[in-house]
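Everything below concerns the one structure shown next.
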Amino acid sequence: MMDNVSVITIFYLSGLSETMNYRSVLFSLTLLCYCVILLVNITLIVTIILDKNLHEPMYILLCAFCMNGLYGSTGFFPKFLWDLLSPVHVISYSGCFLQVQVLYSFACIDLSFLAVMAYDRYVAICRPLQYHTIMSKQRLIKLVCFSWFIPFCLMVINICLTSRLKLCSPYIARLFCVNWIIVTLACFPAETMVNSIFAYITIIVYVSHGVFIVWSYVKLIRTCVNSVEKRAKFMQTCVPHLLSLITLLLTLFFDFMNLRFGSKYLPQHLKNFAEIEFLVIPPVMNPLIYGFKLTKIRKRFLNVFTFKTS
């Protein structure tokens, strides 16, 4: 058993093993999806950066949110596209941990930004006179930095705990590397106790983000009930946020259920879809939701389009 440890320098990803008959179709659809993600996110980011009228906390947070979508997508799609063209689906030991770091820090950063955006909407609607004092430039920079830094550090700790384990198998039955599956490959399960404890700590941290978002919206709804103006503002700026939140939580929920309770009788293509939902749907939908719903961004798009066609 101990002899096997030294030879695990690569991992074998077996998630594509039953779908290789359709790899040309899958490659085309995946490439199209990645191009759409790049297009919609980069368009929104560039629009916000170039238009000084959009240099407000809500739009700056949205810009950072879309940048995170690009970060997460880049951690998955190039490798996946390469695997679709390759007869052997392997990834190096260090490359696997790098992919884990990128993909799961992306998901946690998304939740962090959604919590900060909920706080921003709470202050804007419930305490409008203090909005610019509370959401100052300095505080905004701190919130954005913490939204990136804390999830990144939590994932680094999770990966360091996993990297100390002695592994007895190089086979990962997924399309990409997953920290918990690597933990289950440990030769000595007793050594994984610390991994489990810290994994649950990480889950609790992000469940608390969800509780904070719910609290923010309870306050927002109470404030908006008796005011037509505030209800209109809520519908314009908070509905996109809620749609983004629901989209992310549903995709993460399906991935979690598939990871922990996935049935061996479930078809592989359905398992694959459940795995990659959080890497595909939010990065595509978020820029579209905000682009169509937020008036300033929609007007900016229309002005550019009108200018080009005139």
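Chain labels run A, B, ... following the order of the structure tokens; each chain numbers its residues from 1, and ligands are numbered from 1 in the order shown.
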For Cys224 in chain A: contacts at 12 Å, only C-alpha atoms, fewer than 5 positions along chain excluded, given as an MDAnalysis selection string: chainID A and resid 121:122 124:127 217:219 229:235 238
As a count of residues only, please: every residue in range 65-292 of chain A that a backbone DSSP assignment puts in alpha helix (DSSP H). 183
Shell around Leu61 in chain A at 9 Å using only C-alpha atoms, local window under 3 positions removed, as a ChimeraX atom specification: /A:56-58,64-66,113,116-117,140,144
What's around range 162-165 of chain A at 10 Å? Count only C-alpha atoms, leave out sequence neighbours fewer than 2 positions away in its own chain, and write the answer as a PyMOL selection string. chain A and resi 5+93-94+97+156-160+167-168+179-180+182-189+191-192+194-195
The residue from A:Asn41, A:Gln101, A:Ser24, A:Asn272 with the smallest atom-to-atom distance to Ala173 in chain A, counting only C-alpha atoms, is A:Asn272
Interatomic distance (Å, one decimal) between CA of Cys35 in chain A and CA of Leu81 in chain A: 12.0 Å
My list of candidates is A:Cys33, A:Ile134, A:Cys108, A:Val239. Which is closest to Phe152 in chain A when distances are computed with only C-alpha atoms?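 Closest candidate: A:Cys108.
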Give the answer as one residue: which of A:Gly210, A:Pro87, A:Gly95, A:Pro287 has the shortest atom-to-atom distance to Ile246 in chain A, using only C-alpha atoms? A:Gly210
Can you measure CA of Ser86 in chain A to CA of Leu39 in chain A for me? One decimal in Å is fine. 26.2 Å
Considering only C-alpha atoms, return as a count of residues only whatever protein or nucleic-acid residues lie within 8 Å of Ser112 in chain A, sequence-local ones (same chain, fewer than 4 positions apart) excluded. 7
Taking 3 positions as the minimum chain separation for residues in the same chain, which residues sit within 8 Å of Leu70 in chain A when counting only C-alpha atoms? Answer as a PyMOL selection string. chain A and resi 37-38+41+66-67+73-74+283
Export of prior selection with C-alpha atoms as a short mmCIF file (atom, residue, chain, number, x, y, z; two decimals), in the first residue's frame:
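Heads up, here's the output in part-v6.cif:
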data_model
loop_
_atom_site.label_atom_id
_atom_site.label_comp_id
_atom_site.auth_asym_id
_atom_site.auth_seq_id
_atom_site.Cartn_x
_atom_site.Cartn_y
_atom_site.Cartn_z
CA ILE A 37 -19.19 33.24 -21.11
CA LEU A 38 -16.16 35.24 -22.24
CA ASN A 41 -18.69 38.84 -18.96
CA CYS A 66 -18.14 39.05 -13.50
CA MET A 67 -14.35 38.93 -13.18
CA SER A 73 -14.59 29.40 -16.08
CA THR A 74 -10.91 29.55 -17.00
CA PRO A 283 -21.24 32.75 -15.45
#
By how many Å are CA of Leu84 in chain A and CA of Gly15 in chain A apart?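 Computing it gives 11.1 Å between the two atoms.
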Using only C-alpha atoms: which of A:Tyr290, A:Leu111, A:Ile197, A:Gln236 has the shortest distance to Ile45 in chain A: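 Using only C-alpha atoms, the shortest distance to Ile45 in chain A belongs to A:Tyr290.
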If you run DSSP on this backbone, which residues of range 75-293 of chain A come out as strand (DSSP E or B), and could you give them as an MDAnalysis selection string? chainID A and resid 90:92 167 171:172 186
Residues as selected, N, CA, C and O atoms, written as a PDB file, in the first residue's frame, can you do that?
ATOM      1  N   VAL A  90      -6.018  12.857 -18.132  1.00  0.00           N
ATOM      2  CA  VAL A  90      -5.156  12.883 -16.949  1.00  0.00           C
ATOM      3  C   VAL A  90      -4.859  14.328 -16.567  1.00  0.00           C
ATOM      4  O   VAL A  90      -5.000  15.254 -17.373  1.00  0.00           O
ATOM      5  N   ILE A  91      -4.449  14.486 -15.312  1.00  0.00           N
ATOM      6  CA  ILE A  91      -4.023  15.793 -14.820  1.00  0.00           C
ATOM      7  C   ILE A  91      -2.928  15.561 -13.787  1.00  0.00           C
ATOM      8  O   ILE A  91      -2.981  14.583 -13.029  1.00  0.00           O
ATOM      9  N   SER A  92      -1.934  16.409 -13.776  1.00  0.00           N
ATOM     10  CA  SER A  92      -0.820  16.237 -12.843  1.00  0.00           C
ATOM     11  C   SER A  92      -1.289  16.437 -11.405  1.00  0.00           C
ATOM     12  O   SER A  92      -2.333  17.041 -11.143  1.00  0.00           O
ATOM     13  N   LEU A 167      -2.121   8.854  -0.533  1.00  0.00           N
ATOM     14  CA  LEU A 167      -3.201   8.374  -1.389  1.00  0.00           C
ATOM     15  C   LEU A 167      -2.885   7.000  -1.966  1.00  0.00           C
ATOM     16  O   LEU A 167      -1.737   6.706  -2.304  1.00  0.00           O
ATOM     17  N   TYR A 171      -7.428   7.497  -9.276  1.00  0.00           N
ATOM     18  CA  TYR A 171      -8.626   7.585 -10.118  1.00  0.00           C
ATOM     19  C   TYR A 171      -9.699   8.470  -9.491  1.00  0.00           C
ATOM     20  O   TYR A 171     -10.124   8.244  -8.352  1.00  0.00           O
ATOM     21  N   ILE A 172     -10.114   9.496 -10.258  1.00  0.00           N
ATOM     22  CA  ILE A 172     -11.171  10.419  -9.827  1.00  0.00           C
ATOM     23  C   ILE A 172     -12.335  10.289 -10.809  1.00  0.00           C
ATOM     24  O   ILE A 172     -12.189  10.586 -11.997  1.00  0.00           O
ATOM     25  N   ALA A 186      -7.580   8.511   0.382  1.00  0.00           N
ATOM     26  CA  ALA A 186      -6.535   8.359   1.405  1.00  0.00           C
ATOM     27  C   ALA A 186      -6.381   6.902   1.828  1.00  0.00           C
ATOM     28  O   ALA A 186      -7.370   6.164   1.969  1.00  0.00           O
TER      29      ALA A 186
END
My list of candidates is A:Val214, A:Val178, A:Ile297, A:Leu143. Which is closest to Asp51 in chain A when distances are computed with only C-alpha atoms? A:Ile297
Proximity to Tyr71 in chain A - best of A:Thr202, A:Ser17, A:Ser105, A:Ser169, only C-alpha atoms: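 Smallest distance to Tyr71 in chain A is found for A:Ser105.
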